[in-house]
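Trainee: Next comes entry18.cif, mmCIF, C-alpha atoms:
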data_run
loop_
_atom_site.label_atom_id
_atom_site.label_comp_id
_atom_site.auth_asym_id
_atom_site.auth_seq_id
_atom_site.Cartn_x
_atom_site.Cartn_y
_atom_site.Cartn_z
CA MET A 1 -31.31 -58.78 -0.77
CA THR A 2 -35.08 -58.50 -0.81
CA ASN A 3 -36.40 -56.81 -3.98
CA LYS A 4 -37.26 -53.14 -3.30
CA ILE A 5 -40.44 -53.37 -5.37
CA GLU A 6 -41.58 -56.36 -3.31
CA GLN A 7 -40.70 -54.51 -0.10
CA SER A 8 -42.78 -51.52 -1.22
CA ALA A 9 -45.75 -53.74 -2.05
CA GLN A 10 -45.52 -55.54 1.30
CA GLU A 11 -45.21 -52.21 3.12
CA LYS A 12 -48.46 -51.00 1.53
CA ARG A 13 -50.25 -54.27 2.36
CA THR A 14 -49.02 -54.16 5.96
CA ALA A 15 -50.04 -50.51 6.28
CA PHE A 16 -53.55 -51.36 5.07
CA VAL A 17 -53.86 -54.18 7.61
CA VAL A 18 -52.67 -51.94 10.47
CA ILE A 19 -55.14 -49.18 9.58
CA PHE A 20 -58.00 -51.64 8.91
CA THR A 21 -57.38 -53.48 12.20
CA PHE A 22 -57.14 -50.17 14.05
CA CYS A 23 -60.55 -49.10 12.67
CA MET A 24 -62.06 -52.46 13.64
CA MET A 25 -60.51 -52.11 17.10
CA LEU A 26 -62.02 -48.65 17.61
CA ALA A 27 -65.44 -49.82 16.38
CA GLU A 28 -65.48 -52.83 18.71
CA ILE A 29 -64.30 -50.82 21.73
CA ILE A 30 -66.83 -48.01 21.16
CA VAL A 31 -69.75 -50.38 20.50
CA GLY A 32 -68.66 -52.59 23.39
CA LEU A 33 -68.62 -49.67 25.81
CA THR A 34 -71.90 -48.16 24.61
CA SER A 35 -73.71 -51.51 24.57
CA TYR A 36 -72.10 -52.69 27.85
CA SER A 37 -70.74 -55.77 26.06
CA MET A 38 -67.52 -56.83 27.74
CA ALA A 39 -67.03 -59.60 25.15
CA LEU A 40 -66.94 -57.10 22.30
CA PHE A 41 -64.81 -54.67 24.33
CA ALA A 42 -62.32 -57.44 25.19
CA ASP A 43 -62.07 -58.49 21.54
CA GLY A 44 -61.39 -54.86 20.61
CA VAL A 45 -58.58 -54.65 23.17
CA HIS A 46 -57.19 -57.94 21.82
CA MET A 47 -57.19 -56.43 18.31
CA GLY A 48 -55.21 -53.54 19.77
CA SER A 49 -52.36 -55.89 20.60
CA HIS A 50 -52.25 -56.95 16.94
CA VAL A 51 -52.20 -53.31 15.84
CA LEU A 52 -49.07 -52.83 17.96
CA VAL A 53 -47.30 -55.97 16.76
CA ILE A 54 -48.16 -55.62 13.05
CA GLY A 55 -47.41 -51.91 13.43
CA LEU A 56 -43.89 -53.00 14.37
CA ASN A 57 -43.65 -54.92 11.08
CA TRP A 58 -44.91 -51.86 9.19
CA GLY A 59 -42.41 -49.64 11.02
CA ALA A 60 -39.58 -51.92 9.93
CA TYR A 61 -40.54 -51.46 6.26
CA VAL A 62 -40.74 -47.68 6.70
CA LEU A 63 -37.32 -47.60 8.39
CA VAL A 64 -35.69 -49.72 5.67
CA ARG A 65 -37.26 -47.58 2.91
CA ARG A 66 -35.95 -44.37 4.49
CA LEU A 67 -32.48 -45.82 4.97
CA ASN A 68 -32.45 -46.96 1.35
CA SER A 69 -33.49 -43.49 0.17
CA LYS A 70 -30.55 -42.01 2.09
CA ASP A 71 -28.25 -44.69 0.67
CA ALA A 72 -27.23 -45.69 4.19
CA THR A 73 -25.02 -48.61 3.22
CA GLN A 74 -23.87 -49.22 6.79
CA TYR A 75 -27.32 -50.66 7.56
CA ASP A 76 -28.48 -54.05 6.32
CA GLY A 77 -32.16 -53.71 5.39
CA ASP A 78 -32.75 -57.46 5.42
CA LYS A 79 -31.30 -57.72 8.96
CA ILE A 80 -33.72 -55.02 10.17
CA LEU A 81 -36.70 -56.85 8.64
CA ASN A 82 -35.52 -60.16 10.07
CA LEU A 83 -35.10 -58.62 13.54
CA SER A 84 -38.67 -57.29 13.32
CA ALA A 85 -39.88 -60.75 12.33
CA PHE A 86 -37.92 -62.36 15.18
CA THR A 87 -39.54 -59.95 17.66
CA SER A 88 -42.95 -60.82 16.23
CA GLY A 89 -42.16 -64.49 16.78
CA ILE A 90 -41.55 -63.79 20.47
CA PHE A 91 -44.94 -62.04 20.68
CA LEU A 92 -46.54 -65.09 19.02
CA VAL A 93 -45.08 -67.31 21.76
CA LEU A 94 -46.39 -64.96 24.48
CA MET A 95 -49.82 -64.91 22.85
CA ALA A 96 -49.97 -68.72 22.71
CA VAL A 97 -48.89 -69.03 26.36
CA PHE A 98 -51.56 -66.49 27.38
CA ILE A 99 -54.26 -68.45 25.49
CA ILE A 100 -53.23 -71.74 27.15
CA THR A 101 -53.18 -70.11 30.60
CA GLU A 102 -56.63 -68.55 30.11
CA ALA A 103 -58.07 -71.80 28.73
CA ILE A 104 -56.81 -73.85 31.69
CA GLU A 105 -58.09 -71.24 34.15
CA ARG A 106 -61.56 -71.26 32.59
CA LEU A 107 -61.61 -75.05 32.48
CA THR A 108 -60.73 -75.39 36.17
CA SER A 109 -63.00 -72.57 37.33
CA GLY A 110 -66.04 -74.00 35.53
CA SER A 111 -67.16 -70.57 34.29
CA THR A 112 -70.08 -70.52 31.84
CA ILE A 113 -70.81 -68.35 28.82
CA ILE A 114 -73.71 -65.94 29.38
CA ASN A 115 -74.67 -64.75 25.86
CA TYR A 116 -73.88 -67.32 23.18
CA GLU A 117 -75.45 -65.41 20.27
CA PHE A 118 -73.52 -62.23 20.95
CA ALA A 119 -70.28 -64.12 21.55
CA LEU A 120 -70.74 -65.96 18.25
CA GLY A 121 -71.45 -62.70 16.45
CA THR A 122 -68.28 -61.17 17.87
CA ALA A 123 -66.22 -64.20 16.84
CA PHE A 124 -67.63 -64.11 13.29
CA VAL A 125 -66.87 -60.38 12.94
CA GLY A 126 -63.31 -61.00 14.11
CA LEU A 127 -62.93 -63.96 11.73
CA ILE A 128 -64.12 -61.92 8.73
CA ALA A 129 -61.75 -59.06 9.61
CA ASN A 130 -58.80 -61.43 9.99
CA THR A 131 -59.64 -63.26 6.77
CA ILE A 132 -59.58 -59.96 4.86
CA SER A 133 -56.28 -58.97 6.51
CA ALA A 134 -54.70 -62.38 5.81
CA SER A 135 -55.69 -62.29 2.13
CA VAL A 136 -54.25 -58.76 1.79
CA LEU A 137 -50.95 -59.66 3.47
CA HIS A 138 -50.54 -62.88 1.49
CA GLY A 139 -51.15 -61.15 -1.85
CA HIS A 140 -50.94 -62.95 -5.18
CA HIS A 141 -47.40 -64.22 -4.70
CA GLY A 142 -47.46 -65.01 -0.99
CA THR A 143 -45.28 -63.38 1.65
CA THR A 144 -41.92 -62.36 0.24
CA ASP A 145 -39.81 -61.96 3.40
CA TYR A 146 -39.80 -63.00 7.06
CA ASN A 147 -41.22 -59.65 8.18
CA SER A 148 -44.34 -59.93 6.01
CA HIS A 149 -44.61 -63.62 6.92
CA ALA A 150 -44.54 -62.71 10.63
CA ALA A 151 -47.39 -60.20 10.17
CA TYR A 152 -49.31 -62.83 8.20
CA LEU A 153 -48.82 -65.41 10.97
CA HIS A 154 -50.20 -62.98 13.57
CA VAL A 155 -53.37 -62.43 11.56
CA LEU A 156 -53.62 -66.15 10.77
CA SER A 157 -53.19 -67.09 14.43
CA ASP A 158 -55.99 -64.70 15.38
CA ALA A 159 -58.24 -66.21 12.71
CA LEU A 160 -57.42 -69.70 13.99
CA THR A 161 -58.34 -68.58 17.52
CA GLU A 162 -61.66 -67.18 16.24
CA ILE A 163 -62.45 -70.47 14.46
CA GLY A 164 -61.67 -72.35 17.65
CA ALA A 165 -63.94 -70.01 19.62
CA ILE A 166 -66.79 -70.56 17.15
CA ILE A 167 -66.43 -74.35 17.37
CA GLY A 168 -66.35 -74.21 21.17
CA LEU A 169 -69.35 -71.88 21.38
CA VAL A 170 -71.46 -74.03 19.03
CA CYS A 171 -70.66 -77.19 21.00
CA ALA A 172 -71.50 -75.47 24.29
CA MET A 173 -74.69 -73.86 22.98
CA PHE A 174 -76.24 -76.92 21.30
CA TRP A 175 -74.79 -79.86 23.24
CA SER A 176 -73.71 -78.25 26.55
CA ILE A 177 -70.15 -79.50 26.02
CA THR A 178 -68.35 -76.58 27.65
CA TRP A 179 -64.88 -78.13 27.94
CA ILE A 180 -64.46 -78.20 24.13
CA ASP A 181 -64.05 -74.40 24.15
CA SER A 182 -60.91 -74.66 26.29
CA ALA A 183 -59.66 -77.79 24.49
CA VAL A 184 -59.90 -76.12 21.06
CA ALA A 185 -58.20 -72.99 22.43
CA VAL A 186 -55.26 -75.05 23.72
CA THR A 187 -55.01 -76.91 20.39
CA SER A 188 -54.98 -73.60 18.50
CA ALA A 189 -52.28 -72.25 20.83
CA ILE A 190 -50.11 -75.33 20.22
CA VAL A 191 -50.38 -74.77 16.45
CA VAL A 192 -49.39 -71.12 16.96
CA LEU A 193 -46.40 -72.24 19.05
CA ARG A 194 -45.26 -74.47 16.18
CA TRP A 195 -45.52 -71.53 13.76
CA ALA A 196 -43.63 -69.30 16.20
CA LYS A 197 -40.90 -71.91 16.71
CA ARG A 198 -40.34 -72.17 12.95
CA LEU A 199 -40.35 -68.38 12.54
CA LEU A 200 -37.87 -67.89 15.40
CA TRP A 201 -35.61 -70.65 14.05
CA ASP A 202 -35.56 -69.25 10.50
CA THR A 203 -35.12 -65.61 11.51
CA GLY A 204 -32.55 -66.52 14.17
CA ARG A 205 -30.44 -68.32 11.57
CA ALA A 206 -30.82 -65.38 9.16
CA LEU A 207 -29.74 -62.89 11.84
CA THR A 208 -26.64 -64.86 12.82
CA LYS A 209 -25.59 -65.56 9.24
CA LYS A 210 -22.53 -63.54 8.18
#
The structure given in the file should be rewritten as structure tokens.
Mentor:
Amino acid sequence: MTNKIEQSAQEKRTAFVVIFTFCMMLAEIIVGLTSYSMALFADGVHMGSHVLVIGLNWGAYVLVRRLNSKDATQYDGDKILNLSAFTSGIFLVLMAVFIITEAIERLTSGSTIINYEFALGTAFVGLIANTISASVLHGHHGTTDYNSHAAYLHVLSDALTEIGAIIGLVCAMFWSITWIDSAVAVTSAIVVLRWAKRLLWDTGRALTKK
């Protein structure tokens, strides 16, 4: 069984990340709409998807805590957390497939970036926010269960995507190499798929273990 003190600590860390990401999402959407920046608005909407998924991880901790307080022995708290992590793994796969699809579409359509400076600024803001969230979720002793690890992977995958975007934008802005943006995005998505595969394998085994 996962230590209740560790569960409580991870619940608080996950709650912070959900609230912090939600605030960042609102800020980006509001500024994006008022400044007519679709790039910032789109990034805010993307953050919203992470609020939902990491919110699922937070909800699992809350549910387990309440069941433990009621001494509901018919429920296995670890199974609930593992199921939440498994669901997060599925969302990671969907996210990676979406990134690959978008990257291929942009590569074949030959679309160009209009405002490099603003796009870079947006990517840096997202990277800083995800770095803070990742450091909070990881804590001093790392992630202690699959559920917290799943939330950490979501934030880490977003940070990896932001780094890839920055590399692609810099290459396009200074050397007019536009295809690198899509190539880096696909590479990042493949890494995320590997993380998701491992998470699904580990949580799947844990869920089927008697």
Trainee: Let me make sure I understand: among A:Ile19, A:Leu120, A:Leu81, A:Ala103, which one has the smallest atom-to-atom distance to His149 of chain A if we use all atoms listed in the file?
Mentor: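 Under the stated criterion, the closest residue is A:Leu81.
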Trainee: Which residues, written as a ChimeraX atom specification, have at least one atom at most 10 Å from His154 of chain A, with only C-alpha atoms counted and residues fewer than 3 positions away on the same chain left out?
Mentor: /A:50,53-54,88-89,91-92,95,130,134,149-151,157-160,192,195-196
Trainee: Quick one: distance from atom CA of Ala185 of chain A to atom CA of Glu162 of chain A in Å, one decimal?
Mentor: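 Going from atom CA of Ala185 of chain A over to atom CA of Glu162 of chain A, I get 9.2 Å.
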Trainee: So which one's closest to Lys79 of chain A, A:Ile132, A:Leu26, A:Leu207, A:Ala96? Using all atoms listed in the file, please.
Mentor: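 With all atoms listed in the file as the atom set, the closest residue is A:Leu207.
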Trainee: Which residue, A:Ser188, A:Thr122, A:Ser109, A:Thr14, has the smallest gap to Val136 of chain A when you use all atoms listed in the file?
Mentor: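 Smallest distance to Val136 of chain A is found for A:Thr14.
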Trainee: Kindly indicate which residue among A:Phe174, A:Arg194, A:Val125, A:Gly55 lies nearest to Ala27 of chain A, using all atoms listed in the file for the distances.
Mentor: A:Val125
Trainee: Of the residues A:Asn68, A:Thr178, A:Thr131, A:Thr208, which is the one nearest to Ser8 of chain A, using only C-alpha atoms?
Mentor: A:Asn68
Trainee: Might you spell out which residues the PyMOL selection byres ((chain A and resi 137) around 8) would select in the displayed file, as a list in words?
Mentor: Gln10, Arg13, Thr14, Val17, Ser133, Ala134, Ser135, Val136, His138, Gly139, Gly142, Thr143, Ser148, Ala151 and Tyr152 of chain A
Trainee: Could you give me segment 7-31 of chain A completed to N, CA, C and O atoms, formatted as a compact mmCIF listing (two decimals), in the frame of the given file?
Mentor:
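Written file, part-v1.txt:
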# COMPACT_ATOMS: atom_id res chain seq x y z
N GLN A 7 -40.65 -55.15 -1.41
CA GLN A 7 -40.70 -54.51 -0.10
C GLN A 7 -41.76 -53.41 -0.07
O GLN A 7 -42.52 -53.28 0.90
N SER A 8 -41.81 -52.61 -1.14
CA SER A 8 -42.78 -51.52 -1.22
C SER A 8 -44.20 -52.05 -1.22
O SER A 8 -45.09 -51.51 -0.55
N ALA A 9 -44.42 -53.14 -1.98
CA ALA A 9 -45.75 -53.74 -2.05
C ALA A 9 -46.16 -54.30 -0.69
O ALA A 9 -47.30 -54.11 -0.24
N GLN A 10 -45.22 -54.97 -0.01
CA GLN A 10 -45.52 -55.54 1.30
C GLN A 10 -45.74 -54.43 2.34
O GLN A 10 -46.56 -54.57 3.24
N GLU A 11 -45.01 -53.33 2.20
CA GLU A 11 -45.21 -52.21 3.12
C GLU A 11 -46.63 -51.66 3.00
O GLU A 11 -47.29 -51.37 4.01
N LYS A 12 -47.11 -51.52 1.76
CA LYS A 12 -48.46 -51.00 1.53
C LYS A 12 -49.52 -51.97 2.06
O LYS A 12 -50.50 -51.55 2.67
N ARG A 13 -49.30 -53.27 1.85
CA ARG A 13 -50.25 -54.27 2.36
C ARG A 13 -50.28 -54.24 3.89
O ARG A 13 -51.35 -54.30 4.50
N THR A 14 -49.09 -54.18 4.49
CA THR A 14 -49.02 -54.16 5.96
C THR A 14 -49.66 -52.90 6.52
O THR A 14 -50.35 -52.94 7.54
N ALA A 15 -49.44 -51.77 5.84
CA ALA A 15 -50.04 -50.51 6.28
C ALA A 15 -51.56 -50.60 6.25
O ALA A 15 -52.24 -50.14 7.18
N PHE A 16 -52.10 -51.20 5.17
CA PHE A 16 -53.55 -51.36 5.07
C PHE A 16 -54.10 -52.19 6.23
O PHE A 16 -55.11 -51.83 6.84
N VAL A 17 -53.40 -53.29 6.54
CA VAL A 17 -53.86 -54.18 7.61
C VAL A 17 -53.82 -53.46 8.96
O VAL A 17 -54.75 -53.59 9.77
N VAL A 18 -52.77 -52.68 9.21
CA VAL A 18 -52.67 -51.94 10.47
C VAL A 18 -53.82 -50.95 10.61
O VAL A 18 -54.49 -50.88 11.64
N ILE A 19 -54.07 -50.18 9.54
CA ILE A 19 -55.14 -49.18 9.58
C ILE A 19 -56.51 -49.84 9.67
O ILE A 19 -57.37 -49.42 10.45
N PHE A 20 -56.72 -50.91 8.90
CA PHE A 20 -58.00 -51.64 8.91
C PHE A 20 -58.26 -52.24 10.29
O PHE A 20 -59.36 -52.12 10.83
N THR A 21 -57.23 -52.88 10.87
CA THR A 21 -57.38 -53.48 12.20
C THR A 21 -57.62 -52.41 13.26
O THR A 21 -58.40 -52.61 14.19
N PHE A 22 -56.95 -51.27 13.11
CA PHE A 22 -57.14 -50.17 14.05
C PHE A 22 -58.59 -49.66 14.02
O PHE A 22 -59.19 -49.40 15.07
N CYS A 23 -59.15 -49.54 12.81
CA CYS A 23 -60.55 -49.10 12.67
C CYS A 23 -61.51 -50.11 13.29
O CYS A 23 -62.47 -49.74 13.97
N MET A 24 -61.24 -51.40 13.05
CA MET A 24 -62.06 -52.46 13.64
C MET A 24 -61.95 -52.43 15.17
O MET A 24 -62.94 -52.61 15.88
N MET A 25 -60.74 -52.19 15.66
CA MET A 25 -60.51 -52.11 17.10
C MET A 25 -61.33 -50.98 17.72
O MET A 25 -62.03 -51.18 18.72
N LEU A 26 -61.27 -49.80 17.10
CA LEU A 26 -62.02 -48.65 17.61
C LEU A 26 -63.52 -48.93 17.61
O LEU A 26 -64.23 -48.62 18.58
N ALA A 27 -64.01 -49.52 16.50
CA ALA A 27 -65.44 -49.82 16.38
C ALA A 27 -65.89 -50.77 17.48
O ALA A 27 -66.93 -50.56 18.13
N GLU A 28 -65.11 -51.83 17.71
CA GLU A 28 -65.48 -52.83 18.71
C GLU A 28 -65.42 -52.24 20.13
O GLU A 28 -66.29 -52.53 20.96
N ILE A 29 -64.42 -51.43 20.40
CA ILE A 29 -64.30 -50.82 21.73
C ILE A 29 -65.45 -49.85 21.99
O ILE A 29 -66.08 -49.86 23.06
N ILE A 30 -65.76 -49.00 20.99
CA ILE A 30 -66.83 -48.01 21.16
C ILE A 30 -68.19 -48.69 21.31
O ILE A 30 -68.96 -48.38 22.23
N VAL A 31 -68.48 -49.66 20.41
CA VAL A 31 -69.75 -50.38 20.50
C VAL A 31 -69.82 -51.20 21.78
O VAL A 31 -70.87 -51.29 22.43
